[in-house]
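Just upload-v5.csv here, CSV, C-alpha atoms:
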```
chain,number,residue,atom,x,y,z
A,9,MET,CA,51.6,-49.3,-40.5
A,10,LYS,CA,48.1,-50.6,-40.5
A,11,SER,CA,47.8,-51.1,-44.2
A,12,VAL,CA,50.7,-53.5,-44.2
A,13,GLY,CA,50.5,-54.5,-40.6
A,14,THR,CA,49.8,-58.2,-40.9
A,15,PHE,CA,52.1,-58.7,-43.8
A,16,ILE,CA,55.2,-57.3,-42.3
A,17,VAL,CA,57.9,-59.7,-41.4
A,18,ALA,CA,61.1,-58.8,-39.7
A,19,LEU,CA,64.3,-58.7,-41.7
A,20,GLY,CA,65.6,-61.7,-39.9
A,21,LEU,CA,62.9,-63.9,-41.4
A,22,PHE,CA,63.7,-62.6,-44.8
A,23,GLU,CA,67.3,-63.5,-44.3
A,24,MET,CA,66.4,-66.9,-43.1
A,25,PHE,CA,64.5,-67.4,-46.3
A,26,LEU,CA,67.4,-66.3,-48.4
A,27,VAL,CA,69.6,-68.7,-46.5
A,28,ALA,CA,67.1,-71.4,-47.4
A,29,LEU,CA,67.5,-70.3,-51.0
A,30,GLY,CA,71.2,-70.6,-50.7
A,31,ALA,CA,71.8,-66.9,-51.3
A,32,PRO,CA,74.7,-65.4,-49.5
A,33,ILE,CA,73.7,-62.9,-46.8
A,34,SER,CA,75.7,-60.0,-45.9
A,35,HIS,CA,75.4,-58.9,-42.3
A,36,ALA,CA,75.8,-55.3,-41.8
A,37,ALA,CA,76.6,-53.8,-38.4
A,38,GLU,CA,73.7,-53.3,-36.0
A,39,THR,CA,71.3,-51.0,-37.7
A,40,ARG,CA,69.3,-48.1,-36.3
A,41,ILE,CA,66.3,-48.9,-38.4
A,42,SER,CA,64.8,-52.0,-39.8
A,43,ILE,CA,63.9,-53.4,-43.2
A,44,VAL,CA,60.7,-55.3,-43.4
A,45,VAL,CA,59.2,-57.2,-46.2
A,46,SER,CA,55.5,-57.7,-47.0
A,47,GLY,CA,53.7,-60.9,-47.9
A,48,SER,CA,52.3,-63.9,-46.2
A,49,GLN,CA,54.7,-66.3,-44.6
A,50,SER,CA,54.3,-68.7,-47.5
A,51,GLN,CA,54.1,-66.3,-50.4
A,52,LYS,CA,56.1,-63.3,-49.4
A,53,PHE,CA,59.1,-64.1,-51.5
A,54,ASN,CA,57.5,-66.0,-54.3
A,55,ASN,CA,57.0,-62.9,-56.3
A,56,TRP,CA,60.6,-61.7,-56.1
A,57,PRO,CA,62.3,-62.5,-59.4
A,58,ASN,CA,65.2,-64.1,-57.8
A,59,ALA,CA,67.3,-64.2,-54.7
A,60,ALA,CA,69.9,-61.9,-56.2
A,61,LEU,CA,67.4,-59.0,-56.4
A,62,ALA,CA,66.4,-59.6,-52.8
A,63,GLN,CA,70.0,-59.6,-51.7
A,64,ALA,CA,70.8,-56.5,-53.6
A,65,PHE,CA,67.8,-54.8,-52.1
A,66,ILE,CA,68.8,-55.7,-48.6
A,67,ASP,CA,72.4,-54.7,-49.1
A,68,TYR,CA,71.5,-51.4,-50.5
A,69,TRP,CA,69.1,-50.4,-47.8
A,70,LYS,CA,71.5,-51.6,-45.1
A,71,PHE,CA,74.1,-49.3,-46.6
A,72,PHE,CA,71.6,-46.6,-46.5
A,73,ILE,CA,70.7,-47.4,-42.9
A,74,ASP,CA,74.3,-47.6,-41.8
A,75,GLY,CA,75.2,-44.3,-43.6
A,76,ASN,CA,77.6,-46.2,-45.8
A,77,HIS,CA,77.6,-43.9,-48.8
A,78,GLU,CA,80.4,-45.7,-50.6
A,79,GLY,CA,78.5,-49.0,-50.5
A,80,ALA,CA,75.3,-47.4,-51.5
A,81,TYR,CA,77.0,-45.5,-54.4
A,82,ALA,CA,78.6,-48.7,-55.7
A,83,ALA,CA,75.1,-50.3,-55.7
A,84,GLU,CA,73.7,-47.5,-58.0
A,85,ALA,CA,73.3,-48.1,-61.7
A,86,PRO,CA,76.5,-47.9,-63.8
A,87,HIS,CA,75.2,-45.1,-65.9
A,88,PHE,CA,74.2,-43.1,-62.8
A,89,ARG,CA,77.8,-43.5,-61.5
A,90,PHE,CA,79.1,-42.4,-64.9
A,91,LEU,CA,77.0,-39.2,-64.8
A,92,TYR,CA,77.3,-38.3,-61.2
A,93,GLY,CA,80.4,-38.7,-59.1
A,94,GLU,CA,80.5,-39.5,-55.4
A,95,ASP,CA,81.0,-35.8,-54.7
A,96,ARG,CA,77.5,-35.2,-55.9
A,97,TYR,CA,76.0,-38.3,-54.4
A,98,SER,CA,77.3,-38.1,-50.9
A,99,PRO,CA,75.6,-34.8,-49.8
A,100,TYR,CA,72.4,-36.1,-51.2
A,101,PHE,CA,72.8,-39.4,-49.5
A,102,PHE,CA,73.6,-38.0,-46.1
A,103,GLY,CA,70.8,-35.5,-46.4
A,104,ALA,CA,68.4,-38.5,-46.8
A,105,THR,CA,69.9,-40.7,-44.1
A,106,LYS,CA,69.7,-38.0,-41.5
A,107,SER,CA,66.0,-37.2,-42.1
A,108,GLY,CA,64.6,-39.4,-39.3
A,109,ILE,CA,63.9,-42.5,-41.3
A,110,TYR,CA,63.6,-45.5,-39.1
A,111,GLU,CA,62.0,-48.2,-41.2
A,112,VAL,CA,61.7,-49.3,-44.8
A,113,GLN,CA,58.8,-51.6,-45.7
A,114,ALA,CA,59.0,-53.5,-49.0
A,115,MET,CA,56.1,-54.8,-50.9
A,116,ASP,CA,56.1,-57.4,-53.7
A,117,PRO,CA,58.3,-56.4,-56.6
A,118,VAL,CA,56.7,-55.6,-59.9
A,119,LEU,CA,58.7,-57.0,-62.8
A,120,LYS,CA,59.0,-55.0,-66.0
A,121,GLY,CA,60.5,-57.3,-68.5
A,122,ASP,CA,63.4,-59.6,-67.5
A,123,PHE,CA,65.7,-56.8,-66.4
A,124,CYS,CA,63.8,-54.2,-64.6
A,125,ALA,CA,61.9,-54.3,-61.3
A,126,GLU,CA,60.0,-51.9,-59.2
A,127,ILE,CA,59.6,-52.5,-55.5
A,128,PRO,CA,56.9,-50.5,-53.8
A,129,ILE,CA,58.3,-49.4,-50.5
A,130,TYR,CA,57.0,-47.4,-47.6
A,131,VAL,CA,59.5,-45.3,-45.7
A,132,MET,CA,58.7,-44.6,-42.1
A,133,LYS,CA,59.9,-41.4,-40.7
A,134,LYS,CA,59.9,-39.8,-37.4
A,135,LEU,CA,59.5,-36.0,-37.5
A,136,ALA,CA,61.2,-33.6,-35.1
A,137,ASN,CA,58.0,-33.2,-33.1
A,138,GLY,CA,57.8,-36.9,-32.6
A,139,GLU,CA,55.0,-37.5,-35.1
A,140,ILE,CA,55.3,-40.6,-37.3
A,141,THR,CA,54.9,-40.2,-41.0
A,142,ARG,CA,55.0,-42.5,-43.9
A,143,PHE,CA,55.6,-42.0,-47.6
A,144,GLY,CA,55.5,-44.4,-50.4
A,145,MET,CA,57.8,-44.7,-53.4
A,146,ARG,CA,58.8,-47.1,-56.1
A,147,ASP,CA,62.3,-48.4,-55.6
A,148,ARG,CA,63.6,-49.1,-59.1
A,149,TRP,CA,66.1,-51.8,-59.9
A,150,ILE,CA,67.8,-52.9,-63.2
A,151,GLN,CA,69.8,-55.9,-64.0
A,152,VAL,CA,73.1,-55.1,-65.9
A,153,GLN,CA,75.5,-57.8,-66.9
A,154,GLY,CA,73.8,-60.2,-64.6
A,155,ARG,CA,73.9,-58.0,-61.5
A,156,TRP,CA,71.0,-56.0,-60.0
A,157,TYR,CA,71.6,-52.3,-59.4
A,158,HIS,CA,69.6,-49.6,-57.7
A,159,LEU,CA,68.2,-46.9,-59.9
A,160,LEU,CA,68.1,-43.6,-58.1
A,161,ARG,CA,65.8,-41.2,-60.0
A,162,ASP,CA,65.5,-37.7,-58.8
A,163,PRO,CA,65.0,-35.4,-61.7
A,164,ILE,CA,65.9,-32.4,-59.7
A,165,ALA,CA,69.1,-33.5,-58.0
A,166,PHE,CA,70.1,-35.9,-60.7
A,167,PRO,CA,68.5,-35.0,-64.1
A,168,GLY,CA,68.9,-37.3,-67.0
A,169,VAL,CA,69.2,-40.6,-65.2
B,10,MET,CA,76.1,28.2,-76.0
B,11,VAL,CA,77.7,25.5,-77.9
B,12,SER,CA,81.3,25.1,-77.0
B,13,ALA,CA,84.2,24.2,-79.2
B,14,TRP,CA,84.6,20.8,-77.7
B,15,ARG,CA,81.2,19.9,-79.0
B,16,VAL,CA,82.2,21.0,-82.5
B,17,LEU,CA,85.3,18.8,-82.3
B,18,ASN,CA,83.4,15.8,-80.9
B,19,GLU,CA,80.7,16.1,-83.6
B,20,SER,CA,83.4,16.2,-86.2
B,21,LEU,CA,84.9,12.9,-85.0
B,22,PRO,CA,82.5,10.3,-83.7
B,23,GLN,CA,85.1,7.7,-83.2
B,24,HIS,CA,87.0,10.0,-81.0
B,25,ARG,CA,83.9,10.9,-79.0
B,26,SER,CA,83.0,7.4,-78.3
B,27,SER,CA,86.4,6.3,-77.0
B,28,CYS,CA,87.4,9.4,-75.2
B,29,GLY,CA,85.8,11.4,-72.5
B,30,ALA,CA,84.4,14.7,-73.7
B,31,ASP,CA,85.7,16.5,-70.6
B,32,LEU,CA,89.3,15.9,-71.5
B,33,THR,CA,88.8,17.3,-75.0
B,34,HIS,CA,87.0,20.2,-73.6
B,35,GLN,CA,89.9,21.0,-71.3
B,36,LEU,CA,92.4,20.6,-74.1
B,37,ILE,CA,90.6,23.1,-76.3
B,38,ARG,CA,89.9,25.5,-73.5
B,39,GLY,CA,93.5,25.5,-72.6
B,40,LEU,CA,94.7,26.2,-76.1
B,41,TYR,CA,92.1,28.7,-77.2
B,42,GLY,CA,91.5,30.4,-73.9
B,43,THR,CA,88.6,32.7,-73.9
B,44,GLU,CA,88.8,33.4,-77.6
B,45,ILE,CA,86.5,30.6,-78.4
B,46,ARG,CA,82.9,31.7,-78.9
B,47,VAL,CA,80.2,30.1,-80.9
B,48,LYS,CA,77.5,31.9,-82.7
B,49,GLU,CA,74.7,29.8,-81.4
B,50,GLN,CA,72.1,32.4,-81.2
B,51,ALA,CA,72.4,33.1,-84.9
B,52,ARG,CA,71.3,29.5,-85.6
B,53,ASP,CA,68.1,30.1,-83.8
B,54,ALA,CA,67.0,33.1,-85.8
B,55,LEU,CA,64.6,31.9,-88.4
B,56,GLY,CA,65.5,32.9,-91.9
B,57,VAL,CA,68.3,35.0,-90.8
B,58,HIS,CA,71.8,33.6,-91.5
B,59,PRO,CA,74.6,34.9,-89.3
B,60,THR,CA,77.5,36.5,-90.9
B,61,GLU,CA,81.2,36.3,-90.3
B,62,GLY,CA,83.0,39.4,-91.6
B,63,GLY,CA,80.2,40.0,-94.1
B,64,ARG,CA,80.3,36.4,-95.2
B,65,PRO,CA,77.2,34.3,-94.4
B,66,LEU,CA,77.7,31.3,-92.1
B,67,VAL,CA,76.2,28.0,-93.2
B,68,GLY,CA,75.1,25.1,-91.0
B,69,SER,CA,78.0,22.8,-91.7
B,70,GLU,CA,80.6,25.4,-91.0
B,71,PRO,CA,82.3,25.2,-87.6
B,72,PHE,CA,81.3,28.1,-85.4
B,73,VAL,CA,84.7,28.8,-83.9
B,74,LYS,CA,85.5,32.4,-84.0
B,75,LYS,CA,89.2,32.8,-83.6
B,76,PRO,CA,91.6,31.3,-84.3
B,77,SER,CA,89.5,29.1,-86.7
B,78,THR,CA,92.1,27.2,-88.5
B,79,VAL,CA,91.7,23.6,-89.5
B,80,PRO,CA,95.3,22.6,-88.7
B,81,PHE,CA,94.8,23.5,-85.1
B,82,LEU,CA,91.8,21.3,-84.8
B,83,VAL,CA,93.5,18.4,-86.4
B,84,LEU,CA,96.4,18.8,-84.1
B,85,PHE,CA,94.1,18.8,-81.1
B,86,MET,CA,92.4,15.7,-82.3
B,87,ILE,CA,95.7,13.9,-82.5
B,88,ILE,CA,96.8,15.1,-79.1
B,89,SER,CA,93.5,14.2,-77.4
B,90,LEU,CA,93.4,10.7,-79.0
B,91,PHE,CA,96.9,10.1,-77.9
B,92,ALA,CA,96.1,11.3,-74.4
B,93,CYS,CA,92.9,9.1,-74.4
B,94,SER,CA,94.8,6.0,-75.2
B,95,HIS,CA,97.0,6.5,-72.2
B,96,THR,CA,94.5,8.0,-69.8
B,97,PHE,CA,91.7,5.4,-70.3
B,98,GLY,CA,93.8,2.2,-70.5
B,99,GLY,CA,94.1,1.6,-74.2
B,100,GLU,CA,96.3,-1.0,-75.7
B,101,PRO,CA,99.9,-0.6,-74.7
B,102,GLN,CA,102.0,0.9,-77.4
B,103,GLY,CA,104.8,-0.9,-79.3
B,104,GLY,CA,103.0,-4.3,-79.5
B,105,GLU,CA,103.2,-4.9,-75.7
B,106,GLN,CA,100.6,-7.4,-74.6
B,107,ILE,CA,99.4,-8.3,-71.1
B,108,VAL,CA,100.0,-12.1,-70.9
B,109,VAL,CA,97.3,-13.9,-69.1
B,110,ALA,CA,98.7,-17.5,-69.4
B,111,HIS,CA,101.7,-19.0,-71.0
B,112,GLY,CA,103.1,-22.5,-71.3
B,113,ALA,CA,105.2,-24.9,-73.3
B,114,GLU,CA,105.5,-24.9,-77.1
B,115,GLY,CA,104.9,-21.2,-77.2
B,116,PHE,CA,101.4,-21.3,-75.9
B,117,GLN,CA,100.2,-17.9,-74.8
B,118,VAL,CA,97.0,-16.1,-74.1
B,119,VAL,CA,96.9,-12.4,-73.8
B,120,GLN,CA,94.4,-10.1,-72.2
B,121,SER,CA,93.1,-8.7,-75.5
B,122,GLN,CA,92.1,-12.3,-76.5
B,123,VAL,CA,90.2,-12.6,-73.3
B,124,GLU,CA,88.4,-9.3,-73.9
B,125,GLU,CA,87.7,-10.3,-77.5
B,126,MET,CA,86.2,-13.6,-76.3
B,127,GLY,CA,84.0,-11.7,-73.8
B,128,ALA,CA,82.8,-9.3,-76.4
B,129,PHE,CA,82.0,-12.2,-78.7
B,130,PHE,CA,79.9,-14.0,-76.1
B,131,ARG,CA,78.1,-10.8,-75.1
B,132,GLU,CA,77.2,-10.1,-78.6
B,133,HIS,CA,76.3,-13.6,-79.9
B,134,THR,CA,75.2,-15.6,-76.9
B,135,PRO,CA,72.8,-15.1,-74.0
B,136,PHE,CA,75.4,-16.2,-71.5
B,137,GLU,CA,76.9,-14.0,-68.9
B,138,THR,CA,80.0,-15.0,-67.0
B,139,THR,CA,82.4,-13.7,-64.4
B,140,ALA,CA,85.8,-12.3,-65.4
B,141,GLN,CA,87.4,-15.3,-63.8
B,142,GLU,CA,85.3,-17.8,-65.7
B,143,LEU,CA,85.8,-16.0,-68.9
B,144,ARG,CA,89.5,-16.1,-68.5
B,145,ARG,CA,89.5,-19.8,-67.7
B,146,TYR,CA,87.2,-20.5,-70.7
B,147,THR,CA,89.5,-18.5,-73.0
B,148,VAL,CA,92.6,-20.3,-71.9
B,149,CYS,CA,90.8,-23.7,-72.4
B,150,ALA,CA,89.5,-22.6,-75.8
B,151,TYR,CA,92.9,-21.7,-77.0
B,152,LEU,CA,94.4,-24.9,-75.6
B,153,PHE,CA,91.7,-26.9,-77.4
B,154,ALA,CA,92.2,-25.0,-80.6
B,155,THR,CA,96.0,-25.5,-80.4
B,156,GLU,CA,95.5,-29.2,-79.8
B,157,ALA,CA,93.0,-29.4,-82.7
B,158,ARG,CA,95.5,-28.0,-85.1
B,159,GLN,CA,98.1,-30.4,-83.9
B,160,SER,CA,95.6,-33.2,-84.4
B,161,GLY,CA,95.0,-32.2,-87.9
B,162,LEU,CA,91.5,-31.0,-87.3
B,163,SER,CA,90.2,-28.1,-89.3
B,164,LEU,CA,87.0,-26.2,-89.7
B,165,PRO,CA,84.9,-26.8,-92.8
B,166,GLU,CA,85.8,-24.6,-95.7
B,167,ASN,CA,82.3,-23.0,-95.8
B,168,PHE,CA,82.6,-21.9,-92.1
B,169,LYS,CA,82.0,-18.2,-91.8
B,170,PRO,CA,83.1,-16.8,-88.5
B,171,LEU,CA,80.9,-14.2,-86.9
B,172,ALA,CA,84.1,-12.6,-85.5
B,173,PRO,CA,87.8,-13.5,-85.6
B,174,VAL,CA,87.6,-15.3,-82.3
B,175,HIS,CA,84.7,-17.3,-83.5
B,176,ALA,CA,87.1,-19.5,-85.4
B,177,THR,CA,89.0,-20.3,-82.2
B,178,VAL,CA,85.7,-21.1,-80.4
B,179,ALA,CA,84.5,-23.4,-83.2
B,180,LEU,CA,87.8,-25.1,-83.5
B,181,ALA,CA,87.9,-25.7,-79.7
B,182,GLU,CA,84.3,-27.2,-79.9
B,183,LEU,CA,85.4,-29.3,-82.8
B,184,TYR,CA,88.2,-30.7,-80.8
B,185,LEU,CA,86.0,-31.4,-77.8
B,186,ASP,CA,83.5,-33.2,-80.0
B,187,HIS,CA,86.5,-35.2,-81.3
B,188,VAL,CA,87.5,-36.1,-77.8
B,189,LEU,CA,83.9,-37.1,-76.8
B,190,HIS,CA,83.5,-39.2,-80.0
B,191,HIS,CA,86.5,-41.3,-78.9
B,192,TYR,CA,85.6,-41.3,-75.2
B,193,PRO,CA,85.8,-44.9,-73.9
B,194,LEU,CA,82.4,-45.8,-72.5
B,195,ASP,CA,82.1,-48.9,-70.4
B,196,PRO,CA,79.5,-51.3,-72.1
B,197,ALA,CA,77.9,-51.7,-68.7
B,198,VAL,CA,77.1,-48.0,-68.8
B,199,ILE,CA,75.4,-48.3,-72.2
B,200,GLU,CA,73.4,-51.3,-71.1
B,201,SER,CA,72.5,-49.7,-67.8
B,202,TYR,CA,71.1,-46.6,-69.6
B,203,TYR,CA,69.2,-48.8,-72.0
B,204,ARG,CA,67.6,-50.8,-69.1
B,205,ALA,CA,66.7,-47.7,-67.2
B,206,HIS,CA,65.0,-46.3,-70.3
B,207,SER,CA,63.6,-49.6,-71.5
B,208,ASP,CA,60.1,-48.1,-71.9
B,209,GLU,CA,61.3,-45.6,-74.4
B,210,PHE,CA,63.6,-47.9,-76.3
B,211,ASP,CA,61.1,-50.8,-76.3
B,212,ARG,CA,58.5,-48.6,-78.0
B,213,THR,CA,60.8,-48.0,-80.9
B,214,GLN,CA,62.9,-51.1,-80.9
B,215,GLY,CA,61.8,-53.6,-78.3
B,216,ASP,CA,63.8,-56.5,-77.0
B,217,GLU,CA,61.7,-59.0,-78.8
B,218,GLN,CA,61.8,-57.2,-82.1
B,219,ALA,CA,65.6,-56.8,-81.8
B,220,LYS,CA,66.1,-60.4,-80.9
B,221,ALA,CA,64.0,-61.5,-83.8
B,222,SER,CA,65.9,-59.3,-86.3
B,223,SER,CA,69.4,-60.2,-85.1
B,224,PRO,CA,69.4,-62.6,-82.2
B,225,ASP,CA,73.2,-62.4,-81.6
B,226,VAL,CA,73.3,-58.6,-81.1
B,227,PRO,CA,72.2,-57.3,-77.7
B,228,PRO,CA,69.4,-54.8,-78.1
B,229,TRP,CA,71.3,-51.9,-76.5
B,230,GLN,CA,74.0,-52.1,-79.1
B,231,LYS,CA,71.6,-51.1,-81.8
B,232,VAL,CA,70.9,-47.8,-80.0
B,233,GLU,CA,74.4,-47.3,-78.7
B,234,PRO,CA,75.1,-44.2,-80.8
B,235,ILE,CA,71.9,-42.6,-79.4
B,236,ILE,CA,72.8,-43.5,-75.8
B,237,ARG,CA,76.4,-42.4,-76.2
B,238,GLU,CA,75.3,-39.0,-77.5
B,239,ARG,CA,72.9,-38.5,-74.7
B,240,LEU,CA,75.3,-39.5,-71.9
B,241,LEU,CA,78.2,-37.6,-73.3
B,242,SER,CA,76.2,-34.5,-73.9
B,243,MET,CA,75.1,-34.5,-70.3
B,244,LYS,CA,78.7,-35.0,-69.3
B,245,LYS,CA,80.1,-32.6,-71.7
B,246,ASN,CA,80.8,-29.7,-69.4
B,247,GLU,CA,82.5,-31.9,-66.9
B,248,LEU,CA,84.6,-33.6,-69.6
B,249,ARG,CA,85.5,-30.2,-71.0
B,250,GLN,CA,86.9,-29.2,-67.6
B,251,THR,CA,88.7,-32.5,-67.1
B,252,HIS,CA,90.3,-32.4,-70.5
B,253,CYS,CA,91.3,-28.8,-70.1
B,254,ASP,CA,93.1,-29.7,-66.9
B,255,VAL,CA,94.9,-32.5,-68.8
B,256,LEU,CA,96.0,-30.0,-71.5
B,257,ARG,CA,97.0,-27.5,-68.9
B,258,GLN,CA,99.4,-30.1,-67.4
B,259,ARG,CA,100.6,-31.2,-70.8
B,260,TYR,CA,101.4,-27.6,-71.9
B,261,ARG,CA,102.6,-26.7,-68.3
B,262,VAL,CA,100.3,-23.7,-68.4
B,263,GLU,CA,101.0,-21.1,-65.8
B,264,GLU,CA,98.5,-18.3,-65.3
B,265,GLU,CA,99.4,-14.8,-64.3
B,266,GLU,CA,97.5,-13.3,-61.4
B,267,GLN,CA,94.4,-11.6,-62.4
B,268,ARG,CA,94.7,-7.8,-62.3
```

Would you write out, as structure tokens, the structure that this file holds?
Amino acid sequence: MKSVGTFIVALGLFEMFLVALGAPISHAAETRISIVVSGSQSQKFNNWPNAALAQAFIDYWKFFIDGNHEGAYAAEAPHFRFLYGEDRYSPYFFGATKSGIYEVQAMDPVLKGDFCAEIPIYVMKKLANGEITRFGMRDRWIQVQGRWYHLLRDPIAFPGV
Amino acid sequence: MVSAWRVLNESLPQHRSSCGADLTHQLIRGLYGTEIRVKEQARDALGVHPTEGGRPLVGSEPFVKKPSTVPFLVLFMIISLFACSHTFGGEPQGGEQIVVAHGAEGFQVVQSQVEEMGAFFREHTPFETTAQELRRYTVCAYLFATEARQSGLSLPENFKPLAPVHATVALAELYLDHVLHHYPLDPAVIESYYRAHSDEFDRTQGDEQAKASSPDVPPWQKVEPIIRERLLSMKKNELRQTHCDVLRQRYRVEEEEQR
């Protein structure tokens, strides 16, 4: 928490910014956990390639938080969905959502060309013994036919993606 | 003591391999009774050849004392082979076959074809499978091969099958490749894979380079055959099963219960 402490802004602020950008915001049901975005008040969204990526990111993680596997599956990359059906995805998804995650912290996206982005995220997790743990990962996104999709890469569960 | 059944078995390896020695032993004992004796000890005497009525015995000669007639032995072999085929589950006589699956247009798979397929895989591949999977694979292979023939597909003239069933397996794979080749892939799937592996593709054929060479063609279209092959090869087993199910319905295949 400390390493990103001062840069964390509540999801509400992020949405307010998106509203200011004119991006449509989808409001999911009340969530158990929160999504927070790093960056100073003035700069926190400047490095995001566009509002569409931010919206896709929020939508995806809200689906995740809400346990909406259909919504999350639809947000995965087309070639992922071609290779792996929902029957393979759902058990993986529910296994992840029931693991005590209560917060996802997003850092500034790193663009890779015009169509790929990596968003460093920290996932906050509460263990069974009450201890708080945090692990970092790169959340990958690709733009296909003008729309941003999440790229789930787990070479063990989903090889070849 | 070397018994007569051993003489018989040694004289007919094929018979020995397919039929239990005990059965042959019983048959011969029953017919010869206690008359059968073998001069085994004589073999062990160095330099001394045993005699039979003053005539020296040689090593290749059967050591059956009485009655030592060849016609009897031949008769026993025939009887025991016949008994074996019934006792140990040999092929039913008179061309009767155990049907495993049957369907429209005369489609039929019999048990001997499943066994032939199993033997082929055991001998030529490292794969092991259950009886149920083998049966399912065999039915699918024969469906694919049937469909291949109807589609006008044929194996190359220089194809040399390792076993008779190999031709069916190869024809089935040829048909599956044909299906995969014509599989309709959404362009978004191709582009998606390209974007996800942009590092790899950019090294060999980057966006900028591609744009420069032919600006109107999206970069992923130039590597589409590679992407198609990769995606479909990963999906091959699933598509094999899906397409097999389609053919099962088309041919209205019904499977007999597994025995």

(request) Tell me which protein, DNA and RNA residues are within 12 Å of range 137-140 of chain A, counting all atoms listed in the file, leaving out same-chain ones fewer than 3 positions away, and put them as number ranges by chain. (result) A: 9, 108-111, 131-134, 143

Residues of chain B within 9 Å of chain A, counting all atoms listed in the file, as a JSON list (two decimals) with C-alpha atoms, in the frame of the given file:
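Generated output (selection01.json):
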```json
[["chain", "number", "residue", "atom", "x", "y", "z"],
["B", 194, "LEU", "CA", 82.40, -45.80, -72.50],
["B", 195, "ASP", "CA", 82.10, -48.90, -70.40],
["B", 197, "ALA", "CA", 77.90, -51.70, -68.70],
["B", 198, "VAL", "CA", 77.10, -48.00, -68.80],
["B", 199, "ILE", "CA", 75.40, -48.30, -72.20],
["B", 200, "GLU", "CA", 73.40, -51.30, -71.10],
["B", 201, "SER", "CA", 72.50, -49.70, -67.80],
["B", 202, "TYR", "CA", 71.10, -46.60, -69.60],
["B", 204, "ARG", "CA", 67.60, -50.80, -69.10],
["B", 205, "ALA", "CA", 66.70, -47.70, -67.20],
["B", 206, "HIS", "CA", 65.00, -46.30, -70.30],
["B", 207, "SER", "CA", 63.60, -49.60, -71.50],
["B", 239, "ARG", "CA", 72.90, -38.50, -74.70],
["B", 240, "LEU", "CA", 75.30, -39.50, -71.90],
["B", 241, "LEU", "CA", 78.20, -37.60, -73.30],
["B", 243, "MET", "CA", 75.10, -34.50, -70.30],
["B", 244, "LYS", "CA", 78.70, -35.00, -69.30]]
```

(request) For Ala113 in chain B, work out the shell of residues within 9 Å, counting only C-alpha atoms and skipping chain neighbours fewer than 3 positions away, then give it as a list of chain:residue names. (result) B:Phe116, B:Gln117, B:Arg259, B:Tyr260, B:Arg261, B:Val262

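One finds CA of Val148 in chain B at 17.7 Å from CA of Asp186 in chain B.
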
(message) Between CA of His77 in chain A and CA of Ser98 in chain A, what is the distance in Å, rounded to a tenth?
(response) 6.2 Å

(request) Might you pull out every residue within 12 Å of Gly161 in chain B, with only C-alpha atoms counted and same-chain residues fewer than 5 positions away left off, and present them as a PyMOL selection string? (result) chain B and resi 154-156+180+183-184+187

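Note that CA of Gly127 in chain B and CA of Leu162 in chain B are 24.7 Å apart.
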
(request) Counting only C-alpha atoms, find the residues whose atoms lie at most 6 Å from (72.9, -35.0, -59.4) (file coordinates) and write them out as JSON, numbers by chain. (result) {"A": [92, 96, 165, 166]}

(message) Please list as an MDAnalysis selection string every residue within 8 Å of Gly144 in chain A, counting only C-alpha atoms and excluding residues in the same chain fewer than 2 positions away.
(response) chainID A and resid 128:131 142 146

(request) Find the residues around Gln230 in chain B up to 9 Å (all atoms listed in the file counted), leave out those fewer than 2 positions away in its own chain, and share them as a count of residues only. (result) 9
